[in-house]
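See structure below.
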Amino acid sequence: MSSKSLATMSSSESEFEGFTKKEMFKAVAKNEIENKPVSQRHWEKALQPWGPIPFVGPTPGPTTSLPSHTREIEYFLQLFDIQLFHYITRMTNRYATERRSANPRERRRKWYPVTCAEMQAYFGISFIMGYNMQPHIASYWSNDVDLGCEIIRNIMSRDRFTQISTYVYYSDQHYAPPSSTAYQHQKSAEKVDRMLKLRPVYHHVNANYMRYRNPPLQLSVDEAMTTFTGRSSMLMRQKAKPIKCRF
């Protein structure tokens with residue numbers, strides 16, 4: 001409560017006859033919220049009930065109903081829909097063309113524009129690599145009995161996977177050579193927004209979350225730590241935590 005309100009209350013103690021101290025403070029707080037001038041304030045014994053603003057919104061839960069036999073991939077494609085894969089495919093092919101034009105050495109290796117189906121397969125392989133751990137990327141294509149992953153070998157060759165990994169691109173920014181002024185501008189913008197290159201995908205997926213599910217009144221927000229030992233400007237390092245380097 002502000003000192004101005006306390007001064008007003010102490011100068012008009014006759015108006016609060018019959019009120020308890022608790023009722024006096026509630027009455028002053030109520031009038032502060034309503035932002036009424038002192039001349040228009042009206043004190044009364046029966047205080048109006050106060051509580052949180054009623055929750056008004058669409059019915060919580062999924063906005064679309066899928067059959068009981070729906071596969072997991074169909075739920076996933078609601079969030080990472082075909083439009084998003086088409087976008088990533090376009091940005092990757094454009095980035096590969098611009099980068100290879102500026103770097104003659106990279107043109108020694110033949111490049112075929114990636115298709116939307118290949119991009120979906122690339123993401124699928126990446127998900128498999130997330131739970132099927134191997135010592136190296138090349139190990140997934142190994143023929144050794146203790147290594148390799150047959151489903152990955154059948155989907156895409158190792159060279160094609162590594163080539164797509166070189167050029168996969170999620171931003172709508174054009175390629176800028178490291179010596180150019182545009183490159184310096186991009187790096188300056190990335191210092192302000194570290195999610196700049198992923199921002200279009202982030203916005204698209206977030207919009208799909210809002211489109212296909214209405215949140216309830218009660219929401220629980222928690223954090224999760226993911227171990228990461230590569231190079232990233234978003235990496236957090238805290239020596240006192242069980243996971244030292246993480247997202």
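Ligands are numbered from 1 in the order shown, residues from 1 within each chain, and chains are lettered A, B, ... in the order they appear in the structure tokens.
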Handout entry: Long-range neighbours of A:Leu217 as a PyMOL selection string, 12 Å cut-off, only C-alpha atoms, 6 positions minimum in chain
Key = chain A and resi 52-61
Now that the selection is made, can you save its residues with N, CA, C and O atoms as a PDB file, in the first residue's frame?
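part_26.pdb was written with the following content:
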ATOM      1  N   PRO A  52      -9.630 -14.150  -7.873  1.00  0.00           N
ATOM      2  CA  PRO A  52      -8.984 -14.129  -9.186  1.00  0.00           C
ATOM      3  C   PRO A  52      -9.996 -13.945 -10.308  1.00  0.00           C
ATOM      4  O   PRO A  52     -11.183 -14.236 -10.157  1.00  0.00           O
ATOM      5  N   ILE A  53      -9.521 -13.439 -11.426  1.00  0.00           N
ATOM      6  CA  ILE A  53     -10.373 -13.218 -12.587  1.00  0.00           C
ATOM      7  C   ILE A  53     -10.848 -14.574 -13.107  1.00  0.00           C
ATOM      8  O   ILE A  53     -10.057 -15.502 -13.246  1.00  0.00           O
ATOM      9  N   PRO A  54     -12.134 -14.732 -13.353  1.00  0.00           N
ATOM     10  CA  PRO A  54     -12.640 -16.027 -13.847  1.00  0.00           C
ATOM     11  C   PRO A  54     -11.945 -16.435 -15.142  1.00  0.00           C
ATOM     12  O   PRO A  54     -11.658 -15.603 -16.008  1.00  0.00           O
ATOM     13  N   PHE A  55     -11.659 -17.709 -15.247  1.00  0.00           N
ATOM     14  CA  PHE A  55     -11.000 -18.242 -16.442  1.00  0.00           C
ATOM     15  C   PHE A  55     -12.014 -18.365 -17.567  1.00  0.00           C
ATOM     16  O   PHE A  55     -12.989 -19.100 -17.460  1.00  0.00           O
ATOM     17  N   VAL A  56     -11.779 -17.619 -18.631  1.00  0.00           N
ATOM     18  CA  VAL A  56     -12.666 -17.649 -19.789  1.00  0.00           C
ATOM     19  C   VAL A  56     -11.827 -18.025 -20.999  1.00  0.00           C
ATOM     20  O   VAL A  56     -10.871 -17.331 -21.350  1.00  0.00           O
ATOM     21  N   GLY A  57     -12.157 -19.122 -21.610  1.00  0.00           N
ATOM     22  CA  GLY A  57     -11.392 -19.562 -22.761  1.00  0.00           C
ATOM     23  C   GLY A  57     -12.029 -20.760 -23.405  1.00  0.00           C
ATOM     24  O   GLY A  57     -13.043 -21.286 -22.921  1.00  0.00           O
ATOM     25  N   PRO A  58     -11.456 -21.209 -24.502  1.00  0.00           N
ATOM     26  CA  PRO A  58     -12.000 -22.407 -25.171  1.00  0.00           C
ATOM     27  C   PRO A  58     -11.844 -23.641 -24.287  1.00  0.00           C
ATOM     28  O   PRO A  58     -11.056 -23.660 -23.341  1.00  0.00           O
ATOM     29  N   THR A  59     -12.590 -24.660 -24.613  1.00  0.00           N
ATOM     30  CA  THR A  59     -12.546 -25.899 -23.844  1.00  0.00           C
ATOM     31  C   THR A  59     -11.144 -26.491 -23.901  1.00  0.00           C
ATOM     32  O   THR A  59     -10.598 -26.694 -24.988  1.00  0.00           O
ATOM     33  N   PRO A  60     -10.520 -26.764 -22.734  1.00  0.00           N
ATOM     34  CA  PRO A  60      -9.160 -27.312 -22.745  1.00  0.00           C
ATOM     35  C   PRO A  60      -9.113 -28.686 -23.405  1.00  0.00           C
ATOM     36  O   PRO A  60     -10.067 -29.459 -23.348  1.00  0.00           O
ATOM     37  N   GLY A  61      -7.968 -28.967 -24.020  1.00  0.00           N
ATOM     38  CA  GLY A  61      -7.754 -30.257 -24.637  1.00  0.00           C
ATOM     39  C   GLY A  61      -7.505 -30.150 -26.128  1.00  0.00           C
ATOM     40  O   GLY A  61      -7.397 -29.043 -26.685  1.00  0.00           O
TER      41      GLY A  61
END
Exercise for the section: Write out as a count of residues only the residues lying within 10 Å of stretch 111-122 of chain A, counting only C-alpha atoms and excluding same-chain residues fewer than 2 positions away. Expected result: 35
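Of the listed residues (A:Asn208, A:Val201, A:Ser171, A:Ala182), A:Asn208 comes nearest to A:Tyr75; the distances count only C-alpha atoms.
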Exercise for the section: Skip A:Arg194 itself and residues of its chain fewer than 5 positions away, then list as a ChimeraX atom specification all residues within 10 Å of it, counting only C-alpha atoms. Expected result: /A:187,189,199,232-234
Include C-alpha atoms and write out the residues we just selected as an mmCIF file, in the first residue's frame.
data_model
loop_
_atom_site.group_PDB
_atom_site.id
_atom_site.type_symbol
_atom_site.label_atom_id
_atom_site.label_comp_id
_atom_site.auth_asym_id
_atom_site.auth_seq_id
_atom_site.Cartn_x
_atom_site.Cartn_y
_atom_site.Cartn_z
ATOM 1 C CA LYS A 187 26.781 -12.349 -36.425
ATOM 2 C CA ALA A 189 22.141 -10.048 -34.904
ATOM 3 C CA ARG A 199 13.307 -18.686 -35.105
ATOM 4 C CA SER A 232 26.943 -23.594 -29.309
ATOM 5 C CA SER A 233 26.449 -20.025 -28.110
ATOM 6 C CA MET A 234 23.373 -21.182 -26.159
#
Handout entry: A:Met236 environment, 10 Å, only C-alpha atoms, sequence neighbours closer than 5 positions dropped, as a count of residues only
Key = 8
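Shell of A:Pro177 at 8 Å, with only C-alpha atoms counted and residues fewer than 6 places along the chain excluded, is Arg99, Ala102 and Tyr183 of chain A.
Backbone DSSP of stretch 101-138 of chain A yields alpha helix (DSSP H) at Ser101, Ala102, Cys116, Ala117, Glu118, Met119, Gln120, Ala121, Tyr122, Phe123, Gly124, Ile125, Ser126, Phe127, Ile128, Met129, Gly130 and Tyr131 of chain A.
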Export, as a short mmCIF file (atom, residue, chain, number, x, y, z; two decimals), in the first residue's frame, the selected residues with N, CA, C and O atoms.
data_model
loop_
_atom_site.label_atom_id
_atom_site.label_comp_id
_atom_site.auth_asym_id
_atom_site.auth_seq_id
_atom_site.Cartn_x
_atom_site.Cartn_y
_atom_site.Cartn_z
N SER A 101 28.32 -21.85 -54.70
CA SER A 101 28.72 -20.85 -55.69
C SER A 101 29.88 -19.99 -55.18
O SER A 101 30.73 -19.55 -55.95
N ALA A 102 29.90 -19.77 -53.87
CA ALA A 102 30.95 -18.94 -53.28
C ALA A 102 32.19 -19.73 -52.89
O ALA A 102 33.24 -19.13 -52.62
N CYS A 116 11.66 -33.15 -50.33
CA CYS A 116 10.93 -33.11 -49.07
C CYS A 116 10.92 -34.48 -48.40
O CYS A 116 11.05 -34.60 -47.19
N ALA A 117 10.79 -35.55 -49.20
CA ALA A 117 10.81 -36.91 -48.64
C ALA A 117 12.17 -37.22 -48.02
O ALA A 117 12.25 -37.85 -46.95
N GLU A 118 13.24 -36.77 -48.68
CA GLU A 118 14.57 -36.98 -48.10
C GLU A 118 14.73 -36.22 -46.79
O GLU A 118 15.35 -36.72 -45.84
N MET A 119 14.18 -35.00 -46.73
CA MET A 119 14.30 -34.22 -45.51
C MET A 119 13.55 -34.88 -44.36
O MET A 119 14.02 -34.90 -43.21
N GLN A 120 12.39 -35.46 -44.64
CA GLN A 120 11.67 -36.20 -43.62
C GLN A 120 12.46 -37.42 -43.17
O GLN A 120 12.52 -37.73 -41.97
N ALA A 121 13.09 -38.12 -44.11
CA ALA A 121 13.92 -39.27 -43.77
C ALA A 121 15.13 -38.83 -42.95
O ALA A 121 15.54 -39.54 -42.01
N TYR A 122 15.69 -37.68 -43.28
CA TYR A 122 16.84 -37.15 -42.53
C TYR A 122 16.47 -36.90 -41.07
O TYR A 122 17.23 -37.26 -40.16
N PHE A 123 15.31 -36.31 -40.86
CA PHE A 123 14.86 -36.07 -39.49
C PHE A 123 14.59 -37.40 -38.77
O PHE A 123 14.89 -37.54 -37.58
N GLY A 124 14.01 -38.35 -39.48
CA GLY A 124 13.74 -39.64 -38.88
C GLY A 124 15.02 -40.34 -38.43
O GLY A 124 15.08 -40.91 -37.33
N ILE A 125 16.05 -40.28 -39.27
CA ILE A 125 17.34 -40.86 -38.90
C ILE A 125 17.92 -40.15 -37.68
O ILE A 125 18.49 -40.79 -36.78
N SER A 126 17.79 -38.85 -37.64
CA SER A 126 18.30 -38.09 -36.49
C SER A 126 17.60 -38.51 -35.20
O SER A 126 18.24 -38.59 -34.14
N PHE A 127 16.30 -38.77 -35.27
CA PHE A 127 15.58 -39.23 -34.07
C PHE A 127 16.08 -40.61 -33.63
O PHE A 127 16.22 -40.86 -32.43
N ILE A 128 16.31 -41.49 -34.59
CA ILE A 128 16.82 -42.82 -34.25
C ILE A 128 18.19 -42.70 -33.58
O ILE A 128 18.49 -43.40 -32.60
N MET A 129 19.02 -41.82 -34.09
CA MET A 129 20.34 -41.63 -33.50
C MET A 129 20.25 -41.10 -32.07
O MET A 129 21.18 -41.27 -31.28
N GLY A 130 19.12 -40.48 -31.74
CA GLY A 130 18.97 -39.94 -30.40
C GLY A 130 18.82 -41.01 -29.33
O GLY A 130 19.24 -40.81 -28.19
N TYR A 131 18.23 -42.15 -29.67
CA TYR A 131 18.08 -43.21 -28.67
C TYR A 131 18.92 -44.45 -28.98
O TYR A 131 19.12 -45.30 -28.10
#
Handout entry: Pairwise distance for atom CA of A:Ala224 and atom CA of A:Lys197, rounded to one decimal in Å
Key = 22.1 Å
Practice task
Using backbone DSSP assignments, extract all strand (DSSP E) residues from stretch 107-241 of chain A; output them as a list in words.
Solution key: Arg213, Asn214, Met236 and Arg237 of chain A
Practice task
Using only C-alpha atoms, find the one residue out of A:Tyr95, A:Tyr202, A:Tyr212, A:Trp141 that sits nearest to A:Asp172.
Solution key: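 Closest candidate: A:Tyr95.
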